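Engineer: Supplied in structure tokens, the structure appears directly below.
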Amino acid sequence: MRYIDTHAHYNDNAFDLNRDEIINSCFNSNIDFIVNVGADKKSSIESIELSNKYDKIYNVIGVHPHDVLNSTAQDIYDIYENYDVRKTRGIGEIGLDYAFVKDNKDLQKNLFIEQIKLANTLKLPIIIHSRDAYKDTYDIVKENIAEYGVLFHCFHPTDELVRLVLDRNYMVAFGGNITYKRSKSFYELVKKIPAENIMIETDSPYLPPEPYRGTTNSSLNLPIILKKLAEIKQIDEEELSKIVYDNSVKFFKLK
Ligand SMILES: [Zn+2]
Ligand SMILES: [Zn+2]
């Protein structure tokens, strides 16, 4: 089986000692493509640089809600105008995160909306990070249509999310957290999301799956995530791997 990591942060400091070694070991194993995702001005530039160094890495650029004070939508537009963005495939990760910061909700919402508009201007899909903020996130995506596609990467499944996926053909990416015990509560919702709307990701170096929690995550853990997903959805693993692979190639225009 072949795999695509639709969300990773190989520019992260966690990989400073062995970045090339880990990336090469992924490509020498069963990983075909990696989408490296930015979270602010600096990491977006680093994502572009990584994708220009490695044939099989693509990039997504944007400002994460945690970085609302250090980068702007204009920064991302300027990067797009001034760097080699032939391998830029989306605006992300963008969205709302009320888990740690609750006093800047309006700033986060404005930045999210500005970046949806930017994605439409640049004809790119958006990659959404939504944590402890699902109602506001859904309200914004319903009012501000992302015209070139939507992928929910960090999210808590709800009935409304399932409706959005079914009604608008939005995509969702599952990561290591589906292997965590507390995630059992959303298995029923995962079953309702068609395989055609699913991708997989690691969010490396974060969120390693069981039994590797506490270690540095890498794309090499994708098979564990796919296996768990196949188990939850009661679909043959090989069949599911092909579907999520094709979904990822199509969404991110990989080749
Ligand atoms: Zn995220
Ligand atoms: Zn991420």
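The chains in the structure tokens are called A, B, ... from first to last as shown; in each chain the residues are counted from 1, and the ligands are counted from 1 in the order shown.
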Residues of stretch 121-167 of chain A that have any atom at most 7 Å from an atom of stretch 96-106 of chain A: could you tabulate them with the shortest-distance atom pair and the distance in Å to one decimal, using only C-alpha atoms, ordered by chain and increasing number, as a Markdown table?
Structural biologist:
| residue | atom | partner | partner_atom | distance |
| --- | --- | --- | --- | --- |
| A:His129 | CA | A:Leu96 | CA | 6.4 |
| A:Ser130 | CA | A:Leu96 | CA | 5.0 |
| A:Arg131 | CA | A:Asp97 | CA | 4.6 |
| A:Asp132 | CA | A:Tyr98 | CA | 5.4 |
| A:Ala133 | CA | A:Tyr98 | CA | 5.9 |
| A:Thr137 | CA | A:Leu96 | CA | 6.6 |
Engineer: With C-alpha atoms retained, write the just-selected residues as a PDB file, in the first residue's frame.
Structural biologist:
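That gives us out-v3.pdb:
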ATOM      1  CA  HIS A 129      -7.886  23.947  11.826  1.00  0.00           C
ATOM      2  CA  SER A 130     -10.814  24.192  14.250  1.00  0.00           C
ATOM      3  CA  ARG A 131     -10.464  23.465  17.921  1.00  0.00           C
ATOM      4  CA  ASP A 132     -13.076  24.132  20.619  1.00  0.00           C
ATOM      5  CA  ALA A 133     -14.707  26.465  18.106  1.00  0.00           C
ATOM      6  CA  THR A 137     -16.129  27.738  12.315  1.00  0.00           C
TER       7      THR A 137
END
Engineer: Can you pull out every residue with an atom within 10 Å of ligand 2? Use only C-alpha atoms and all ligand atoms and format it as a PyMOL selection string.
Structural biologist: chain A and resi 6-9+36-39+64+92-94+127-129+153-154+201-207
Engineer: As a PyMOL selection string, please: the residues near A:Asp20 (cut-off 12 Å, only C-alpha atoms, same-chain neighbours under 4 positions excluded).
Structural biologist: chain A and resi 10-11+15-16+24-28+50+53-54
Engineer: With N, CA and C atoms retained, could you export that selection as a PDB file, in the first residue's frame?
Structural biologist:
ATOM      1  N   TYR A  10       7.379  19.499   8.511  1.00  0.00           N
ATOM      2  CA  TYR A  10       8.785  19.081   8.552  1.00  0.00           C
ATOM      3  C   TYR A  10       9.754  20.253   8.715  1.00  0.00           C
ATOM      4  N   ASN A  11       9.236  21.474   8.619  1.00  0.00           N
ATOM      5  CA  ASN A  11      10.070  22.643   8.900  1.00  0.00           C
ATOM      6  C   ASN A  11      10.252  22.835  10.413  1.00  0.00           C
ATOM      7  N   PHE A  15      12.641  18.629  13.951  1.00  0.00           N
ATOM      8  CA  PHE A  15      13.373  17.857  12.933  1.00  0.00           C
ATOM      9  C   PHE A  15      14.746  18.453  12.614  1.00  0.00           C
ATOM     10  N   ASP A  16      15.200  19.415  13.410  1.00  0.00           N
ATOM     11  CA  ASP A  16      16.452  20.094  13.075  1.00  0.00           C
ATOM     12  C   ASP A  16      17.661  19.153  12.995  1.00  0.00           C
ATOM     13  N   ASN A  24      13.862  11.474   3.782  1.00  0.00           N
ATOM     14  CA  ASN A  24      14.317  10.445   2.836  1.00  0.00           C
ATOM     15  C   ASN A  24      13.831   9.058   3.232  1.00  0.00           C
ATOM     16  N   SER A  25      13.800   8.782   4.528  1.00  0.00           N
ATOM     17  CA  SER A  25      13.329   7.455   4.925  1.00  0.00           C
ATOM     18  C   SER A  25      11.846   7.287   4.610  1.00  0.00           C
ATOM     19  N   CYS A  26      11.073   8.366   4.658  1.00  0.00           N
ATOM     20  CA  CYS A  26       9.641   8.289   4.266  1.00  0.00           C
ATOM     21  C   CYS A  26       9.535   7.941   2.780  1.00  0.00           C
ATOM     22  N   PHE A  27      10.285   8.684   1.959  1.00  0.00           N
ATOM     23  CA  PHE A  27      10.184   8.451   0.516  1.00  0.00           C
ATOM     24  C   PHE A  27      10.803   7.115   0.091  1.00  0.00           C
ATOM     25  N   ASN A  28      11.738   6.597   0.890  1.00  0.00           N
ATOM     26  CA  ASN A  28      12.294   5.279   0.588  1.00  0.00           C
ATOM     27  C   ASN A  28      11.399   4.165   1.118  1.00  0.00           C
ATOM     28  N   LEU A  50      11.084  23.951   1.476  1.00  0.00           N
ATOM     29  CA  LEU A  50      11.171  22.484   1.576  1.00  0.00           C
ATOM     30  C   LEU A  50      10.614  21.820   0.317  1.00  0.00           C
ATOM     31  N   LYS A  53      12.908  21.912  -2.499  1.00  0.00           N
ATOM     32  CA  LYS A  53      14.078  21.054  -2.343  1.00  0.00           C
ATOM     33  C   LYS A  53      13.744  19.595  -2.663  1.00  0.00           C
ATOM     34  N   TYR A  54      12.541  19.176  -2.298  1.00  0.00           N
ATOM     35  CA  TYR A  54      12.121  17.774  -2.493  1.00  0.00           C
ATOM     36  C   TYR A  54      11.034  17.682  -3.554  1.00  0.00           C
TER      37      TYR A  54
END
Engineer: Which is closer to ligand 1 than all the others in A:Pro208, A:Pro65, A:Gly149, A:Pro157, using only C-alpha atoms and all ligand atoms?
Structural biologist: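 For ligand 1, the nearest of the candidates is A:Pro65.
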Engineer: Just want the 10 Å neighbourhood of A:Asp84, counted on only C-alpha atoms, with same-chain residues fewer than 4 positions away dropped. Output as a ChimeraX atom specification.
Structural biologist: /A:45,48-49,51-52,79-80,88
Engineer: With N, CA and C atoms retained, could you export that selection as a PDB file, in the first residue's frame?
Structural biologist:
ATOM      1  N   ILE A  45       7.082  30.323   4.451  1.00  0.00           N
ATOM      2  CA  ILE A  45       8.262  30.438   3.577  1.00  0.00           C
ATOM      3  C   ILE A  45       9.085  29.150   3.654  1.00  0.00           C
ATOM      4  N   ILE A  48       7.535  26.425   1.573  1.00  0.00           N
ATOM      5  CA  ILE A  48       7.820  26.599   0.146  1.00  0.00           C
ATOM      6  C   ILE A  48       9.234  26.109  -0.156  1.00  0.00           C
ATOM      7  N   GLU A  49      10.183  26.506   0.699  1.00  0.00           N
ATOM      8  CA  GLU A  49      11.574  26.106   0.467  1.00  0.00           C
ATOM      9  C   GLU A  49      11.750  24.591   0.522  1.00  0.00           C
ATOM     10  N   SER A  51       9.488  22.348  -0.164  1.00  0.00           N
ATOM     11  CA  SER A  51       8.858  21.728  -1.338  1.00  0.00           C
ATOM     12  C   SER A  51       9.694  21.962  -2.596  1.00  0.00           C
ATOM     13  N   ASN A  52      10.475  23.038  -2.582  1.00  0.00           N
ATOM     14  CA  ASN A  52      11.334  23.266  -3.741  1.00  0.00           C
ATOM     15  C   ASN A  52      12.616  22.438  -3.677  1.00  0.00           C
ATOM     16  N   ILE A  79       3.920  36.702   0.204  1.00  0.00           N
ATOM     17  CA  ILE A  79       4.741  35.509  -0.022  1.00  0.00           C
ATOM     18  C   ILE A  79       4.370  34.894  -1.374  1.00  0.00           C
ATOM     19  N   TYR A  80       3.065  34.798  -1.607  1.00  0.00           N
ATOM     20  CA  TYR A  80       2.603  34.194  -2.863  1.00  0.00           C
ATOM     21  C   TYR A  80       3.122  34.963  -4.075  1.00  0.00           C
ATOM     22  N   THR A  88       2.610  25.332  -4.471  1.00  0.00           N
ATOM     23  CA  THR A  88       1.665  25.744  -3.425  1.00  0.00           C
ATOM     24  C   THR A  88       0.268  25.265  -3.807  1.00  0.00           C
TER      25      THR A  88
END
Engineer: Which of stretch 3-158 of chain A end up as alpha helix (DSSP H) when DSSP is run on this backbone - answer as a PyMOL selection string?
Structural biologist: chain A and resi 19-28+41-53+73-82+105-122+134-143
Engineer: Atom CA of A:Ile193 and atom CA of A:Val165, how far apart in Å?
Structural biologist: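 Computing the Euclidean distance for atom CA of A:Val165 and atom CA of A:Ile193 yields 7.3 Å.
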